[in-house]
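Trainee: Could you have a look at this structure, given as structure tokens, before my questions?
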Amino acid sequence: MADSSANAGPKLESMKVVEGSYALAHAVMCCSPDVVSAYPITPQTHIVEHLSKFVADGKMPSEFITVDSEFSALSALVGSSAAGARCYSATTSQGLALMFEVLYNVSGMRLPVVMTVANRALSAPLSIWNDHQDSMGARDSGWIQLYAESVQEAVDLTAVAYKIAEAEDILTPAMVCMDGFILTHVYEPVQLLDREIVNEFLPPYAPKIVLDPKNPKTFGAFVDPSMFTEYRYMQYQAQKRALLAIERADREFFEIFGRSYGGLLEVYRGDDAEIMLIAMGSVCGTIKDTIDELRSDGVKVGLIRIRSFRPFPVEAIRKALADASVVAVIEKDVTVGNEGALVSEIKAALYNSKVGIPVIGFVVGLGGRDVTVAGVKNVVSKALGVREGRMDHEFEFLSLREELL
Amino acid sequence: MKEIRFHGRGGQGAVTAAEMIAVAAFEDGRFSQAFPAFGVERRGAPVMAFARIADEPIRMRSQIYQPDYVVVQDVTLLEVVDVASGLSPSGMIIINADRSGEDLPLDTAAKVVTIDATKIAIEILGRPIVNTTMLGAFCGATGEVGLEGINKAIIERFPGELGKKNLAAVKAAYERVTS
């Protein structure tokens, strides 16, 4: 794990205040995909608009395939990627749901497509606003899932995702998840990527096995019960190898770009933390500011920010929780019928380990509900209660508006 | 960190104003952030946008509930939105109005600055689009961002003749609040 304190800090003079979607589209351009196919949907729309403009203006020599739906967008990339093209798409919410069947085809055929998910709630009721229900629904689709805290991280993860996905021993598609509106529509200083420097970091995609009329092959063919399990096992093994590849890519990115995020996860103020919060995505920024405030009042609280949800970094989580007393998971999704997806995974990660501490879970920010400093403090105070032996709820929806129920 | 909340109506460019503040503050060598209160935008409906300015990188992602500054682009919003909600008593609210703060239905301990931005915009731009004019007033009244940065942000956003006219509107508003 790279030492994130080695970061020299952002250099204002090389940064520019731009919209998150622009910065992301610019990053995609710098990764030089051969084929882009995407269908516009709020709040991902600006990314696709910028990309189609880059292509139309001749700045980006990619094939931009316009399609009638997200299902077609990802299907077009199945063929393109199998033919050896570096491929990109972006979607969100209902669009990702419409891709569901194709997601499994992409991962099963071991096609290293990279896709931005501008995280948004799923209908019904209809909501265009942010939460993580969409990408959580694709949790088991075989894709790598990386979550960004800031626009800069989403930009950097785009190049990193290709590096990981295309590695010969991984060959697994990757989603870069960035919070819809909160990161796609924010204006903030970003160091835009440089195409030539990205080329140093990311060699051209040169797969050994491709669709080629001169040497015909079949991808995604019928497999009977005697072999199906082994195909799934090979995907499972590839994601296990991705655990190392993600750490390695973070170090390599740091060597070239001078920015490191901690690899599979980032631990913030974890030293001597009794209460450890766990979260993903942009809400971690608000949580860090809250932690600083609570720390100055003497509350020993820290954060584990999960960057890689698939593969899930079980060992790194166990290690980061070795000295904690209580874990409070803050997440923007709910598995209706049980609890939050992340809190379930955290409990599962700890069950057979030596870390025997209470874990509580909180659902926040569904359908765009703002997550405030007061909300995070509320979570911490409940976690402090658990440390004193009071567990009122193992899992709850934070700040419910009882008057609406 | 300084937090700014913009109130406007859909189509008046409140979101653009917040974005230009972020660009301007960055030009001054500070970190900045701007984002809309993501609504389903409709022309004429009340909208909000937010900006933060700080000397350190900004991590906070929540909306702004206790602003240091509030900018109100349309005085009729005072009847439908609690524009001064959470405003710091040591802060400032800048309102596009043709009368002084005492004549407005406002409940705040903060300083109230009014400017007839609609009049300036119609005179200079020929249209009642007041966002850039209000930026000039913000710049002059608060000193939180420099005029040069604002001008640069405007030229970047509105190249050509439109940009020049907007610069003139900014200057007029700046001079009005600083004189």
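In the structure tokens, the first chain shown is A, the next is B, and so on; residue numbers restart at 1 for each chain, and ligands run from 1 in the order shown.
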When you get a sec, could you note down which chain B residues fall within 6 Å of chain A, using only C-alpha atoms, as a VMD selection string?
Mentor: chain B and resid 23 32 to 35 59 to 62
Trainee: Write the residues of the preceding selection, restricted to all heavy atoms, as a short mmCIF file (atom, residue, chain, number, x, y, z; two decimals), in the first residue's frame.
Mentor:
data_model
loop_
_atom_site.label_atom_id
_atom_site.label_comp_id
_atom_site.auth_asym_id
_atom_site.auth_seq_id
_atom_site.Cartn_x
_atom_site.Cartn_y
_atom_site.Cartn_z
N VAL B 23 -14.69 29.57 -10.32
CA VAL B 23 -13.58 29.83 -11.25
C VAL B 23 -12.79 31.06 -10.78
O VAL B 23 -11.56 31.06 -10.75
CB VAL B 23 -14.11 30.03 -12.69
CG1 VAL B 23 -13.00 30.50 -13.62
CG2 VAL B 23 -14.72 28.73 -13.21
N SER B 32 -11.90 25.96 -4.53
CA SER B 32 -13.30 26.32 -4.66
C SER B 32 -14.12 25.12 -5.11
O SER B 32 -13.59 24.10 -5.56
CB SER B 32 -13.45 27.45 -5.67
OG SER B 32 -12.92 27.05 -6.92
N GLN B 33 -15.42 25.28 -4.98
CA GLN B 33 -16.36 24.23 -5.34
C GLN B 33 -17.70 24.90 -5.64
O GLN B 33 -18.06 25.84 -4.95
CB GLN B 33 -16.51 23.29 -4.12
CG GLN B 33 -17.49 22.14 -4.27
CD GLN B 33 -17.84 21.54 -2.91
OE1 GLN B 33 -18.41 22.20 -2.05
NE2 GLN B 33 -17.48 20.28 -2.70
N ALA B 34 -18.40 24.47 -6.66
CA ALA B 34 -19.74 25.00 -6.94
C ALA B 34 -20.63 23.86 -7.42
O ALA B 34 -20.19 23.01 -8.17
CB ALA B 34 -19.68 26.09 -8.00
N PHE B 35 -21.88 23.89 -6.95
CA PHE B 35 -22.81 22.84 -7.40
C PHE B 35 -24.24 23.34 -7.22
O PHE B 35 -24.52 24.15 -6.35
CB PHE B 35 -22.59 21.53 -6.63
CG PHE B 35 -22.70 21.64 -5.13
CD1 PHE B 35 -23.84 21.22 -4.46
CD2 PHE B 35 -21.65 22.17 -4.38
CE1 PHE B 35 -23.94 21.31 -3.07
CE2 PHE B 35 -21.74 22.27 -3.00
CZ PHE B 35 -22.88 21.85 -2.35
N ARG B 59 -13.39 19.13 0.81
CA ARG B 59 -13.87 17.75 0.78
C ARG B 59 -15.37 17.68 1.02
O ARG B 59 -16.02 16.71 0.63
CB ARG B 59 -13.18 16.94 1.89
CG ARG B 59 -11.67 16.93 1.80
CD ARG B 59 -11.07 16.04 2.85
NE ARG B 59 -11.35 16.54 4.21
CZ ARG B 59 -10.63 16.23 5.28
NH1 ARG B 59 -9.60 15.41 5.15
NH2 ARG B 59 -10.95 16.71 6.46
N MET B 60 -15.89 18.68 1.73
CA MET B 60 -17.30 18.68 2.14
C MET B 60 -18.21 18.60 0.92
O MET B 60 -18.00 19.30 -0.07
CB MET B 60 -17.56 19.98 2.91
CG MET B 60 -18.98 20.15 3.41
SD MET B 60 -19.45 18.94 4.63
CE MET B 60 -18.37 19.40 5.98
N ARG B 61 -19.23 17.73 0.97
CA ARG B 61 -20.14 17.55 -0.17
C ARG B 61 -21.58 17.87 0.17
O ARG B 61 -22.45 17.72 -0.68
CB ARG B 61 -20.07 16.11 -0.68
CG ARG B 61 -18.71 15.67 -1.17
CD ARG B 61 -18.37 16.24 -2.52
NE ARG B 61 -16.99 15.94 -2.88
CZ ARG B 61 -16.38 16.49 -3.93
NH1 ARG B 61 -17.03 17.35 -4.70
NH2 ARG B 61 -15.13 16.21 -4.20
N SER B 62 -21.86 18.22 1.42
CA SER B 62 -23.26 18.48 1.77
C SER B 62 -23.68 19.84 1.23
O SER B 62 -22.85 20.65 0.83
CB SER B 62 -23.45 18.43 3.29
OG SER B 62 -22.96 19.62 3.87
#
Trainee: Show me, as a VMD selection string, the residues that have an atom within 10 Å of Gly44 of chain B when counting only C-alpha atoms, minus same-chain residues fewer than 6 positions from it.
Mentor: chain B and resid 8 to 12
Trainee: Write a file of the selected residues as a compact mmCIF listing (two decimals), in the first residue's frame, keeping N, CA, C and O atoms.
Mentor:
# COMPACT_ATOMS: atom_id res chain seq x y z
N GLY B 8 -32.21 31.88 -6.99
CA GLY B 8 -32.69 32.49 -8.23
C GLY B 8 -33.91 31.76 -8.71
O GLY B 8 -34.48 30.94 -7.98
N ARG B 9 -34.30 32.09 -9.92
CA ARG B 9 -35.39 31.34 -10.56
C ARG B 9 -34.81 30.66 -11.79
O ARG B 9 -33.87 31.16 -12.40
N GLY B 10 -35.37 29.50 -12.12
CA GLY B 10 -34.87 28.73 -13.26
C GLY B 10 -34.75 29.60 -14.50
O GLY B 10 -35.70 30.29 -14.85
N GLY B 11 -33.58 29.63 -15.10
CA GLY B 11 -33.36 30.45 -16.30
C GLY B 11 -32.61 31.74 -16.02
O GLY B 11 -32.16 32.42 -16.94
N GLN B 12 -32.45 32.07 -14.72
CA GLN B 12 -31.75 33.31 -14.38
C GLN B 12 -30.24 33.14 -14.21
O GLN B 12 -29.53 34.10 -13.97
Trainee: Could you check the closest approach to Glu266 of chain A for each of A:Leu303, A:Ala242, A:Ala221, A:Val117 and tell me which residue wins, using only C-alpha atoms?
Mentor: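 Using only C-alpha atoms, Glu266 of chain A sits closest to A:Leu303.
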Trainee: Quick one: DSSP strand (DSSP E or B) residues in segment 111-205 of chain A, as an MDAnalysis selection string?
Mentor: chainID A and resid 114:119 144:147 174:179 187:190
Trainee: Please identify all polymer residues within 8 Å of segment 48-60 of chain A, counting only C-alpha atoms, omitting same-chain residues fewer than 3 positions from it, and present them as a CSV table (one decimal) with all heavy atoms, in the first residue's frame.
Mentor:
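Output contents, as saved in part.csv:
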chain,number,residue,atom,x,y,z
A,21,SER,N,-18.2,16.1,-15.0
A,21,SER,CA,-18.5,15.3,-16.3
A,21,SER,C,-17.5,15.6,-17.4
A,21,SER,O,-17.1,14.8,-18.1
A,21,SER,CB,-19.9,15.6,-16.8
A,21,SER,OG,-20.9,15.1,-15.9
A,22,TYR,N,-17.1,16.9,-17.4
A,22,TYR,CA,-16.1,17.3,-18.4
A,22,TYR,C,-14.8,16.6,-18.1
A,22,TYR,O,-14.1,16.1,-19.0
A,22,TYR,CB,-15.9,18.8,-18.5
A,22,TYR,CG,-14.8,19.2,-19.4
A,22,TYR,CD1,-15.1,19.3,-20.8
A,22,TYR,CD2,-13.5,19.4,-19.0
A,22,TYR,CE1,-14.0,19.7,-21.7
A,22,TYR,CE2,-12.5,19.7,-19.8
A,22,TYR,CZ,-12.7,19.9,-21.2
A,22,TYR,OH,-11.7,20.2,-22.1
A,25,ALA,N,-14.9,13.0,-19.0
A,25,ALA,CA,-14.9,12.7,-20.4
A,25,ALA,C,-13.5,13.0,-21.0
A,25,ALA,O,-13.0,12.2,-21.8
A,25,ALA,CB,-15.9,13.6,-21.1
A,26,HIS,N,-12.9,14.0,-20.5
A,26,HIS,CA,-11.5,14.3,-20.9
A,26,HIS,C,-10.6,13.2,-20.5
A,26,HIS,O,-9.7,12.8,-21.3
A,26,HIS,CB,-11.0,15.6,-20.2
A,26,HIS,CG,-9.7,16.1,-20.6
A,26,HIS,ND1,-8.5,15.6,-20.1
A,26,HIS,CD2,-9.4,17.0,-21.6
A,26,HIS,CE1,-7.5,16.2,-20.7
A,26,HIS,NE2,-8.0,17.1,-21.6
A,29,MET,N,-11.0,10.4,-23.0
A,29,MET,CA,-10.3,10.8,-24.2
A,29,MET,C,-8.8,10.4,-24.1
A,29,MET,O,-8.2,9.9,-25.0
A,29,MET,CB,-10.5,12.2,-24.5
A,29,MET,CG,-9.7,12.7,-25.7
A,29,MET,SD,-10.2,14.4,-26.2
A,29,MET,CE,-9.5,15.4,-24.9
A,32,SER,N,-7.7,6.9,-24.8
A,32,SER,CA,-7.8,6.6,-26.2
A,32,SER,C,-8.6,5.3,-26.4
A,32,SER,O,-8.0,4.3,-27.0
A,32,SER,CB,-6.4,6.4,-26.7
A,32,SER,OG,-5.6,7.5,-26.5
A,38,ALA,N,-22.7,4.6,-25.9
A,38,ALA,CA,-23.4,5.0,-24.6
A,38,ALA,C,-24.7,5.6,-25.0
A,38,ALA,O,-24.9,6.2,-26.1
A,38,ALA,CB,-22.6,5.9,-23.8
A,39,TYR,N,-25.7,5.5,-24.1
A,39,TYR,CA,-27.0,6.1,-24.3
A,39,TYR,C,-27.2,7.2,-23.2
A,39,TYR,O,-27.0,6.9,-22.1
A,39,TYR,CB,-28.1,5.1,-24.3
A,39,TYR,CG,-29.4,5.5,-24.7
A,39,TYR,CD1,-29.7,5.6,-26.1
A,39,TYR,CD2,-30.4,5.9,-23.8
A,39,TYR,CE1,-31.0,6.1,-26.5
A,39,TYR,CE2,-31.6,6.4,-24.2
A,39,TYR,CZ,-31.9,6.4,-25.5
A,39,TYR,OH,-33.1,6.9,-25.9
A,40,PRO,N,-27.5,8.4,-23.6
A,40,PRO,CA,-27.6,9.5,-22.6
A,40,PRO,C,-28.7,9.3,-21.6
A,40,PRO,O,-29.8,8.9,-21.9
A,40,PRO,CB,-27.8,10.7,-23.4
A,40,PRO,CG,-28.3,10.3,-24.7
A,40,PRO,CD,-27.8,8.9,-24.9
A,44,GLN,N,-25.8,11.1,-16.2
A,44,GLN,CA,-24.6,10.8,-16.9
A,44,GLN,C,-24.4,11.6,-18.2
A,44,GLN,O,-23.4,11.6,-18.8
A,44,GLN,CB,-24.6,9.2,-17.2
A,44,GLN,CG,-23.8,8.7,-18.4
A,44,GLN,CD,-24.7,8.6,-19.6
A,44,GLN,OE1,-25.6,9.4,-19.8
A,44,GLN,NE2,-24.5,7.6,-20.4
A,45,THR,N,-25.5,12.2,-18.6
A,45,THR,CA,-25.7,12.8,-19.9
A,45,THR,C,-24.5,13.7,-20.4
A,45,THR,O,-24.0,13.6,-21.5
A,45,THR,CB,-26.9,13.7,-20.0
A,45,THR,OG1,-28.0,13.0,-19.4
A,45,THR,CG2,-27.3,14.1,-21.4
A,63,GLU,N,-14.3,5.4,-32.5
A,63,GLU,CA,-15.6,5.1,-33.2
A,63,GLU,C,-16.7,5.4,-32.1
A,63,GLU,O,-16.6,4.7,-31.0
A,63,GLU,CB,-15.6,3.7,-33.6
A,63,GLU,CG,-16.8,3.3,-34.5
A,63,GLU,CD,-16.7,3.9,-35.9
A,63,GLU,OE1,-15.6,4.0,-36.4
A,63,GLU,OE2,-17.8,4.3,-36.4
A,64,PHE,N,-17.6,6.3,-32.4
A,64,PHE,CA,-18.7,6.6,-31.4
A,64,PHE,C,-19.9,5.9,-32.0
A,64,PHE,O,-20.5,6.4,-33.0
A,64,PHE,CB,-18.9,8.1,-31.2
A,64,PHE,CG,-19.8,8.4,-30.0
A,64,PHE,CD1,-19.3,8.9,-28.9
A,64,PHE,CD2,-21.2,8.2,-30.2
A,64,PHE,CE1,-20.1,9.2,-27.8
A,64,PHE,CE2,-22.0,8.5,-29.1
A,64,PHE,CZ,-21.5,9.0,-27.9
A,90,ALA,N,-20.8,4.6,-20.5
A,90,ALA,CA,-21.2,5.3,-19.3
A,90,ALA,C,-22.7,5.1,-19.1
A,90,ALA,O,-23.4,5.2,-20.1
A,90,ALA,CB,-20.8,6.7,-19.3
Trainee: Could you state the separation of atom CA of Ile256 of chain A and atom CA of Ala167 of chain A in Å, given to one decimal place?
Mentor: 18.1 Å
Trainee: Among the residues of segment 147-301 of chain A, find those DSSP assigns to alpha helix (DSSP H) from the backbone and print them as an NGL selection string.
Mentor: :A and (151-166 or 195-201 or 228-257 or 283-296)
Trainee: Go ahead and compute the interatomic distance for atom CA of Ala349 of chain A and atom CA of Leu398 of chain A, in Å to one decimal.
Mentor: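 We find that atom CA of Ala349 of chain A and atom CA of Leu398 of chain A lie 23.6 Å from each other.
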Trainee: Using only C-alpha atoms, can you tell me which of B:Val83, B:Val15, B:Ile95, B:Ile21 comes closest to Gly146 of chain B?
Mentor: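 Closest residue, counting only C-alpha atoms: B:Ile21.
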Trainee: List the spatial neighbours of Glu196 of chain A as a PDB file with C-alpha atoms, in the first residue's frame - criterion: any atom at most 12 Å away, only C-alpha atoms, same-chain residues fewer than 4 positions off excluded.
Mentor:
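Wrote selection-v1.pdb, looks like this:
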ATOM      1  CA  ALA A  27      -9.949  11.425 -18.912  1.00  0.00           C
ATOM      2  CA  MET A  29     -10.323  10.759 -24.218  1.00  0.00           C
ATOM      3  CA  CYS A  30      -6.815  10.487 -22.757  1.00  0.00           C
ATOM      4  CA  CYS A  31      -7.271   6.716 -22.379  1.00  0.00           C
ATOM      5  CA  SER A  32      -7.782   6.551 -26.183  1.00  0.00           C
ATOM      6  CA  GLU A 200       3.159   5.898 -20.520  1.00  0.00           C
ATOM      7  CA  PHE A 201       0.968   4.506 -17.757  1.00  0.00           C
ATOM      8  CA  LEU A 202      -1.403   2.552 -19.982  1.00  0.00           C
ATOM      9  CA  PRO A 203       0.096   0.519 -22.819  1.00  0.00           C
ATOM     10  CA  ILE A 256       3.840   8.721 -12.895  1.00  0.00           C
ATOM     11  CA  PHE A 257       1.158  11.166 -11.729  1.00  0.00           C
TER      12      PHE A 257
END
Trainee: Identify which of the residues A:Ile330, A:Ala23, A:Leu111, A:Leu96 lies closest to Val210 of chain A, counting only C-alpha atoms when measuring atom-to-atom distances.
Mentor: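 So, comparing all the options, the nearest one is A:Leu111.
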Trainee: Residues within 12 Å of Ala124 of chain A, please, as a compact mmCIF listing (two decimals) with N, CA and C atoms, in the first residue's frame. Count only C-alpha atoms; anything in the same chain fewer than 5 positions from it doesn't count.
Mentor:
# COMPACT_ATOMS: atom_id res chain seq x y z
N SER A 93 -28.31 4.09 -13.10
CA SER A 93 -29.69 3.74 -12.71
C SER A 93 -30.41 2.80 -13.68
N GLN A 94 -31.53 3.29 -14.26
CA GLN A 94 -32.35 2.46 -15.15
C GLN A 94 -31.54 1.95 -16.33
N GLN A 133 -27.86 2.36 -5.18
CA GLN A 133 -28.66 1.16 -5.42
C GLN A 133 -28.37 0.55 -6.79
N GLY A 367 -31.97 8.30 -2.83
CA GLY A 367 -32.69 9.17 -3.75
C GLY A 367 -32.29 10.63 -3.63
Trainee: Do you have the atom CA of Tyr174 of chain B-atom CA of Ile120 of chain B distance handy?
Mentor: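 Those two atoms sit 11.1 Å apart.
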Trainee: When distances are computed from only C-alpha atoms, which of A:Glu166, A:Asp250, A:Asp156, A:Asp212 shows the smallest separation from Gly79 of chain A?
Mentor: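 Answer, going by the shortest atom-to-atom distance: A:Asp212.
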Trainee: B:Ala110, B:Ala84, B:Ala54, B:Ala17: which is nearest Ala137 of chain B, counting only C-alpha atoms?
Mentor: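 Using only C-alpha atoms, Ala137 of chain B sits closest to B:Ala17.
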